[in-house]
file start.pdb (PDB, C-alpha atoms)
MODEL        1
ATOM      1  CA  MET A   1       0.000   0.000   0.000
ATOM      2  CA  PRO A   2       1.528   3.375  -0.960
ATOM      3  CA  ASN A   3       1.930   6.034   1.705
ATOM      4  CA  ASP A   4      -1.177   8.176   1.617
ATOM      5  CA  PHE A   5       0.200  10.584   4.205
ATOM      6  CA  THR A   6       2.618  13.483   4.276
ATOM      7  CA  LEU A   7       4.810  14.814   7.047
ATOM      8  CA  ARG A   8       4.810  18.459   7.996
ATOM      9  CA  PRO A   9       6.052  20.597  10.885
ATOM     10  CA  TYR A  10       3.871  21.032  13.951
ATOM     11  CA  ALA A  11       1.566  24.045  14.178
ATOM     12  CA  PRO A  12       0.128  25.207  17.536
ATOM     13  CA  SER A  13      -3.389  24.654  16.186
ATOM     14  CA  ASP A  14      -2.527  20.909  16.027
ATOM     15  CA  CYS A  15      -2.173  20.550  19.797
ATOM     16  CA  PRO A  16      -5.775  19.554  20.711
ATOM     17  CA  ALA A  17      -5.864  16.956  17.902
ATOM     18  CA  LEU A  18      -2.494  15.516  18.991
ATOM     19  CA  ALA A  19      -3.710  15.237  22.578
ATOM     20  CA  ALA A  20      -6.852  13.402  21.430
ATOM     21  CA  LEU A  21      -4.834  11.075  19.181
ATOM     22  CA  PHE A  22      -2.464  10.370  22.089
ATOM     23  CA  TYR A  23      -5.337   9.434  24.417
ATOM     24  CA  ASP A  24      -7.100   7.233  21.853
ATOM     25  CA  THR A  25      -3.897   5.487  20.791
ATOM     26  CA  VAL A  26      -2.783   4.722  24.337
ATOM     27  CA  HIS A  27      -6.219   3.378  25.307
ATOM     28  CA  THR A  28      -6.549   1.119  22.265
ATOM     29  CA  VAL A  29      -3.137   0.159  20.875
ATOM     30  CA  ALA A  30      -1.454  -0.322  24.271
ATOM     31  CA  ALA A  31      -4.454  -2.021  25.906
ATOM     32  CA  ALA A  32      -2.983  -5.504  25.392
ATOM     33  CA  ASP A  33       0.187  -4.588  27.303
ATOM     34  CA  TYR A  34      -1.091  -2.487  30.222
ATOM     35  CA  THR A  35      -3.998  -2.634  32.674
ATOM     36  CA  PRO A  36      -6.919  -0.174  32.462
ATOM     37  CA  ALA A  37      -5.550   1.630  35.546
ATOM     38  CA  GLN A  38      -2.129   1.937  33.901
ATOM     39  CA  LEU A  39      -3.681   3.257  30.687
ATOM     40  CA  ASP A  40      -5.637   5.866  32.653
ATOM     41  CA  ALA A  41      -2.491   6.922  34.518
ATOM     42  CA  TRP A  42      -0.525   7.179  31.260
ATOM     43  CA  ALA A  43      -3.233   9.101  29.400
ATOM     44  CA  ASP A  44      -5.880  10.562  31.685
ATOM     45  CA  GLY A  45      -7.628  12.644  29.029
ATOM     46  CA  ARG A  46      -6.750  15.901  30.755
ATOM     47  CA  PRO A  47      -3.401  16.997  29.303
ATOM     48  CA  ASP A  48      -2.058  20.467  29.974
ATOM     49  CA  LEU A  49      -2.342  21.735  26.406
ATOM     50  CA  ALA A  50      -0.249  24.839  27.109
ATOM     51  CA  ALA A  51       2.604  22.659  28.407
ATOM     52  CA  TRP A  52       2.252  20.259  25.488
ATOM     53  CA  ASP A  53       2.318  23.141  23.005
ATOM     54  CA  ALA A  54       5.410  24.624  24.648
ATOM     55  CA  SER A  55       7.120  21.227  24.517
ATOM     56  CA  PHE A  56       6.173  20.663  20.877
ATOM     57  CA  ARG A  57       7.489  24.139  19.976
ATOM     58  CA  ALA A  58      10.759  23.554  21.846
ATOM     59  CA  HIS A  59      11.296  20.227  20.050
ATOM     60  CA  ARG A  60      11.488  19.268  16.417
ATOM     61  CA  THR A  61       7.905  18.067  16.052
ATOM     62  CA  LEU A  62       6.455  16.421  12.970
ATOM     63  CA  VAL A  63       2.838  15.657  12.169
ATOM     64  CA  ALA A  64       1.683  12.963   9.715
ATOM     65  CA  VAL A  65      -1.400  13.983   7.772
ATOM     66  CA  GLU A  66      -3.700  12.022   5.463
ATOM     67  CA  GLY A  67      -5.776  14.557   3.584
ATOM     68  CA  ARG A  68      -6.821  16.853   6.430
ATOM     69  CA  THR A  69      -6.684  14.185   9.132
ATOM     70  CA  ILE A  70      -3.759  13.948  11.540
ATOM     71  CA  VAL A  71      -2.701  10.290  11.651
ATOM     72  CA  GLY A  72       0.449  10.516  13.761
ATOM     73  CA  PHE A  73       3.068  12.701  15.371
ATOM     74  CA  ALA A  74       6.527  12.536  16.883
ATOM     75  CA  ASP A  75       8.852  14.977  18.593
ATOM     76  CA  LEU A  76      12.566  15.059  19.232
ATOM     77  CA  ALA A  77      14.519  17.135  21.727
ATOM     78  CA  ALA A  78      17.158  17.472  19.044
ATOM     79  CA  GLU A  79      20.207  18.686  20.971
ATOM     80  CA  GLN A  80      19.758  15.947  23.572
ATOM     81  CA  GLY A  81      18.857  13.353  20.955
ATOM     82  CA  TYR A  82      15.741  12.384  22.933
ATOM     83  CA  LEU A  83      12.731  11.030  21.042
ATOM     84  CA  ASP A  84       9.999  12.173  23.404
ATOM     85  CA  ARG A  85       6.716  11.084  21.801
ATOM     86  CA  LEU A  86       5.732   8.893  18.857
ATOM     87  CA  TYR A  87       2.071   8.048  18.369
ATOM     88  CA  VAL A  88       0.081   6.804  15.385
ATOM     89  CA  HIS A  89      -3.696   6.806  15.082
ATOM     90  CA  LYS A  90      -5.223   3.478  16.125
ATOM     91  CA  ASP A  91      -6.708   2.995  12.641
ATOM     92  CA  ARG A  92      -3.427   3.785  10.831
ATOM     93  CA  GLN A  93      -1.123   1.269  12.516
ATOM     94  CA  ARG A  94       1.355  -0.701  10.375
ATOM     95  CA  ARG A  95       1.140   1.619   7.379
ATOM     96  CA  GLY A  96       4.589   3.173   7.648
ATOM     97  CA  VAL A  97       3.587   6.297   9.562
ATOM     98  CA  ALA A  98       5.785   5.648  12.618
ATOM     99  CA  SER A  99       8.686   4.544  10.415
ATOM    100  CA  ALA A 100       8.462   7.710   8.324
ATOM    101  CA  LEU A 101       8.297   9.947  11.400
ATOM    102  CA  CYS A 102      11.282   8.173  12.975
ATOM    103  CA  ALA A 103      13.349   8.219   9.803
ATOM    104  CA  GLU A 104      12.836  11.959   9.383
ATOM    105  CA  LEU A 105      13.715  12.759  12.987
ATOM    106  CA  GLU A 106      16.707  10.413  13.042
ATOM    107  CA  ALA A 107      18.063  12.011   9.847
ATOM    108  CA  ALA A 108      17.749  15.493  11.332
ATOM    109  CA  CYS A 109      19.166  14.665  14.761
ATOM    110  CA  PRO A 110      22.453  16.498  15.435
ATOM    111  CA  ALA A 111      23.345  14.211  18.361
ATOM    112  CA  PRO A 112      25.358  11.024  17.755
ATOM    113  CA  ARG A 113      22.612   8.864  19.244
ATOM    114  CA  ILE A 114      18.903   8.937  19.969
ATOM    115  CA  THR A 115      17.379   7.712  23.200
ATOM    116  CA  THR A 116      13.737   7.084  23.990
ATOM    117  CA  HIS A 117      11.575   5.617  26.712
ATOM    118  CA  ALA A 118       9.573   2.959  24.886
ATOM    119  CA  SER A 119       6.444   1.284  26.153
ATOM    120  CA  ARG A 120       6.048  -2.479  26.097
ATOM    121  CA  THR A 121       3.896  -1.940  23.018
ATOM    122  CA  ALA A 122       6.480   0.174  21.178
ATOM    123  CA  ARG A 123       9.595  -1.789  22.139
ATOM    124  CA  PRO A 124       9.423  -4.266  19.201
ATOM    125  CA  PHE A 125       9.007  -1.392  16.725
ATOM    126  CA  PHE A 126      12.116   0.339  18.041
ATOM    127  CA  GLU A 127      14.101  -2.912  18.113
ATOM    128  CA  ARG A 128      13.295  -3.427  14.422
ATOM    129  CA  ARG A 129      14.691   0.077  13.784
ATOM    130  CA  GLY A 130      17.998  -0.797  15.428
ATOM    131  CA  TYR A 131      17.390   0.553  18.929
ATOM    132  CA  ARG A 132      18.646  -1.512  21.844
ATOM    133  CA  VAL A 133      17.348  -1.732  25.392
ATOM    134  CA  LEU A 134      19.636  -0.126  27.937
ATOM    135  CA  ARG A 135      17.379  -1.004  30.866
ATOM    136  CA  ALA A 136      13.812  -1.610  31.933
ATOM    137  CA  GLN A 137      12.446   0.982  34.293
ATOM    138  CA  THR A 138       9.376   1.527  36.410
ATOM    139  CA  VAL A 139       7.768   4.952  36.347
ATOM    140  CA  VAL A 140       4.984   6.187  38.601
ATOM    141  CA  ARG A 141       2.176   8.290  37.161
ATOM    142  CA  HIS A 142      -0.728   9.390  39.323
ATOM    143  CA  GLY A 143       0.306   6.778  41.891
ATOM    144  CA  VAL A 144       0.267   3.918  39.369
ATOM    145  CA  THR A 145       3.414   2.072  38.257
ATOM    146  CA  LEU A 146       4.161   1.423  34.597
ATOM    147  CA  GLU A 147       7.067  -0.392  32.999
ATOM    148  CA  ASN A 148       8.906   1.021  30.019
ATOM    149  CA  PHE A 149      12.339   0.676  28.468
ATOM    150  CA  VAL A 150      15.180   3.129  28.041
ATOM    151  CA  MET A 151      16.411   2.467  24.503
ATOM    152  CA  GLU A 152      19.112   3.962  22.305
ATOM    153  CA  LYS A 153      20.210   3.973  18.710
ATOM    154  CA  TRP A 154      23.607   5.163  17.553
ATOM    155  CA  LEU A 155      23.299   7.154  14.359
ATOM    156  CA  PRO A 156      25.666   6.870  11.414
ATOM    157  CA  PRO A 157      28.315   9.601  11.282
ATOM    158  CA  ARG A 158      27.325  12.555   9.144
TER
ENDMDL
END

call {"tool": "encode", "arguments": {"input": "start.pdb", "output": "structure tokens"}}
result
Amino acid sequence: MPNDFTLRPYAPSDCPALAALFYDTVHTVAAADYTPAQLDAWADGRPDLAAWDASFRAHRTLVAVEGRTIVGFADLAAEQGYLDRLYVHKDRQRRGVASALCAELEAACPAPRITTHASRTARPFFERRGYRVLRAQTVVRHGVTLENFVMEKWLPPR
């Protein structure tokens, strides 16, 4: 199937749609790997949109769009080489959206390596892209523990 989406830079008007996509994706795609309480702690449906917008503006943030519909997004704290968020719409999984977002951010990263904190759900995707697990970690959100993985990928010299 050809890619029916394009990537573009983030615009502040995207923030509410990205927050909704984040919530829906966490509560559907990650549901097989986390309990309902963990999903609610991870994505409670009440994000601080001003903080999200400030974070997206401070990072290199890309949005994947199909027609006029946002189907994914990712952001990179470029100088630190930290891939902060990567989410794809629940109905657009396995269509190359996450791979395209990652490839674009990896190519633009000025740091020698990229790190991320990957969920159980996302870990296999990152491993297929050449990331390796540095360690499992437990994080606490709203009093609920969740497991994720600190992962890294060394980038080819530029």

call {"tool": "closest_residue", "arguments": {"input": "start.pdb", "among": "A:Trp52, A:Phe5, A:Trp42, A:Phe126", "to": "Leu146 (chain A)", "atoms": "all atoms listed in the file"}}
result
A:Trp42

call {"tool": "residues_around", "arguments": {"input": "start.pdb", "residues": "Arg94 (chain A)", "least_positions_apart": "5", "cutoff": "10 Å", "atoms": "only C-alpha atoms", "output": "list in words"}}
result
Val88, Ser99 and Phe125 of chain A

call {"tool": "residues_around", "arguments": {"input": "start.pdb", "residues": "Pro156 (chain A)", "least_positions_apart": "6", "cutoff": "10 Å", "atoms": "only C-alpha atoms", "output": "number ranges by chain"}}
result
A: 106-107, 112-113

call {"tool": "residues_around", "arguments": {"input": "start.pdb", "residues": "Ala98 (chain A)", "least_positions_apart": "6", "cutoff": "12 Å", "atoms": "only C-alpha atoms", "output": "list in words"}}
result
Asn3, Phe5, Thr6, Leu7, Leu62, Val63, Ala64, Val71, Gly72, Phe73, Ala74, Asp75, Arg85, Leu86, Tyr87, Val88, His89, Lys90, Arg92, Glu104, Leu105, Glu106, Ala122, Phe125, Phe126, Arg128 and Arg129 of chain A

call {"tool": "atom_distance", "arguments": {"input": "start.pdb", "atom1": "CA of Arg132 (chain A)", "atom2": "CA of Thr115 (chain A)"}}
result
9.4 Å

call {"tool": "atom_distance", "arguments": {"input": "start.pdb", "atom1": "CA of Gln80 (chain A)", "atom2": "CA of Cys15 (chain A)"}}
result
22.7 Å

call {"tool": "closest_residue", "arguments": {"input": "start.pdb", "among": "A:Asp33, A:Glu127, A:Asp44, A:Asp4", "to": "Arg68 (chain A)", "atoms": "only C-alpha atoms"}}
result
A:Asp4

call {"tool": "atom_distance", "arguments": {"input": "start.pdb", "atom1": "CA of Tyr34 (chain A)", "atom2": "CA of Tyr131 (chain A)"}}
result
21.9 Å

call {"tool": "resolve_selection", "arguments": {"input": "start.pdb", "expression": "the PyMOL selection byres ((chain A and resi 111) around 10)", "output": "ChimeraX atom specification"}}
result
/A:77-82,106,108-110,112-114,154-155,157

call {"tool": "write_last_selection", "arguments": {"input": "start.pdb", "atoms": "C-alpha atoms", "output": "mmCIF file, in the coordinates of the input"}}
result
data_model
loop_
_atom_site.group_PDB
_atom_site.id
_atom_site.type_symbol
_atom_site.label_atom_id
_atom_site.label_comp_id
_atom_site.auth_asym_id
_atom_site.auth_seq_id
_atom_site.Cartn_x
_atom_site.Cartn_y
_atom_site.Cartn_z
ATOM 1 C CA ALA A 77 14.519 17.135 21.727
ATOM 2 C CA ALA A 78 17.158 17.472 19.044
ATOM 3 C CA GLU A 79 20.207 18.686 20.971
ATOM 4 C CA GLN A 80 19.758 15.947 23.572
ATOM 5 C CA GLY A 81 18.857 13.353 20.955
ATOM 6 C CA TYR A 82 15.741 12.384 22.933
ATOM 7 C CA GLU A 106 16.707 10.413 13.042
ATOM 8 C CA ALA A 108 17.749 15.493 11.332
ATOM 9 C CA CYS A 109 19.166 14.665 14.761
ATOM 10 C CA PRO A 110 22.453 16.498 15.435
ATOM 11 C CA PRO A 112 25.358 11.024 17.755
ATOM 12 C CA ARG A 113 22.612 8.864 19.244
ATOM 13 C CA ILE A 114 18.903 8.937 19.969
ATOM 14 C CA TRP A 154 23.607 5.163 17.553
ATOM 15 C CA LEU A 155 23.299 7.154 14.359
ATOM 16 C CA PRO A 157 28.315 9.601 11.282
#

call {"tool": "resolve_selection", "arguments": {"input": "start.pdb", "expression": "the PyMOL selection byres ((chain A and resi 28-32) around 9)", "output": "mmCIF file with C-alpha atoms, in the coordinates of the input"}}
result
data_model
loop_
_atom_site.group_PDB
_atom_site.id
_atom_site.type_symbol
_atom_site.label_atom_id
_atom_site.label_comp_id
_atom_site.auth_asym_id
_atom_site.auth_seq_id
_atom_site.Cartn_x
_atom_site.Cartn_y
_atom_site.Cartn_z
ATOM 1 C CA TYR A 23 -5.337 9.434 24.417
ATOM 2 C CA ASP A 24 -7.100 7.233 21.853
ATOM 3 C CA THR A 25 -3.897 5.487 20.791
ATOM 4 C CA VAL A 26 -2.783 4.722 24.337
ATOM 5 C CA HIS A 27 -6.219 3.378 25.307
ATOM 6 C CA ASP A 33 0.187 -4.588 27.303
ATOM 7 C CA TYR A 34 -1.091 -2.487 30.222
ATOM 8 C CA THR A 35 -3.998 -2.634 32.674
ATOM 9 C CA PRO A 36 -6.919 -0.174 32.462
ATOM 10 C CA LEU A 39 -3.681 3.257 30.687
ATOM 11 C CA HIS A 89 -3.696 6.806 15.082
ATOM 12 C CA LYS A 90 -5.223 3.478 16.125
ATOM 13 C CA GLN A 93 -1.123 1.269 12.516
ATOM 14 C CA SER A 119 6.444 1.284 26.153
ATOM 15 C CA ARG A 120 6.048 -2.479 26.097
ATOM 16 C CA THR A 121 3.896 -1.940 23.018
ATOM 17 C CA ALA A 122 6.480 0.174 21.178
#

call {"tool": "resolve_selection", "arguments": {"input": "start.pdb", "expression": "the PyMOL selection byres ((chain A and resi 55) around 12)", "output": "JSON list (two decimals) with C-alpha atoms, keeping the file's coordinate frame"}}
result
[["chain", "number", "residue", "atom", "x", "y", "z"],
["A", 10, "TYR", "CA", 3.87, 21.03, 13.95],
["A", 12, "PRO", "CA", 0.13, 25.21, 17.54],
["A", 15, "CYS", "CA", -2.17, 20.55, 19.80],
["A", 48, "ASP", "CA", -2.06, 20.47, 29.97],
["A", 49, "LEU", "CA", -2.34, 21.74, 26.41],
["A", 50, "ALA", "CA", -0.25, 24.84, 27.11],
["A", 51, "ALA", "CA", 2.60, 22.66, 28.41],
["A", 52, "TRP", "CA", 2.25, 20.26, 25.49],
["A", 53, "ASP", "CA", 2.32, 23.14, 23.00],
["A", 54, "ALA", "CA", 5.41, 24.62, 24.65],
["A", 56, "PHE", "CA", 6.17, 20.66, 20.88],
["A", 57, "ARG", "CA", 7.49, 24.14, 19.98],
["A", 58, "ALA", "CA", 10.76, 23.55, 21.85],
["A", 59, "HIS", "CA", 11.30, 20.23, 20.05],
["A", 60, "ARG", "CA", 11.49, 19.27, 16.42],
["A", 61, "THR", "CA", 7.90, 18.07, 16.05],
["A", 74, "ALA", "CA", 6.53, 12.54, 16.88],
["A", 75, "ASP", "CA", 8.85, 14.98, 18.59],
["A", 76, "LEU", "CA", 12.57, 15.06, 19.23],
["A", 77, "ALA", "CA", 14.52, 17.14, 21.73],
["A", 84, "ASP", "CA", 10.00, 12.17, 23.40],
["A", 85, "ARG", "CA", 6.72, 11.08, 21.80]]

call {"tool": "axis_aligned_box", "arguments": {"input": "start.pdb", "around": "region 103-117 of chain A", "padding_each_side": "3 Å", "output": "lines of an AutoDock Vina configuration file"}}
result
center_x = 18.5
center_y = 11.1
center_z = 18.0
size_x = 19.8
size_y = 16.9
size_z = 23.3

call {"tool": "closest_residue", "arguments": {"input": "start.pdb", "among": "A:Met151, A:Ala11, A:Ala43, A:Ala37", "to": "Pro124 (chain A)", "atoms": "all atoms listed in the file"}}
result
A:Met151
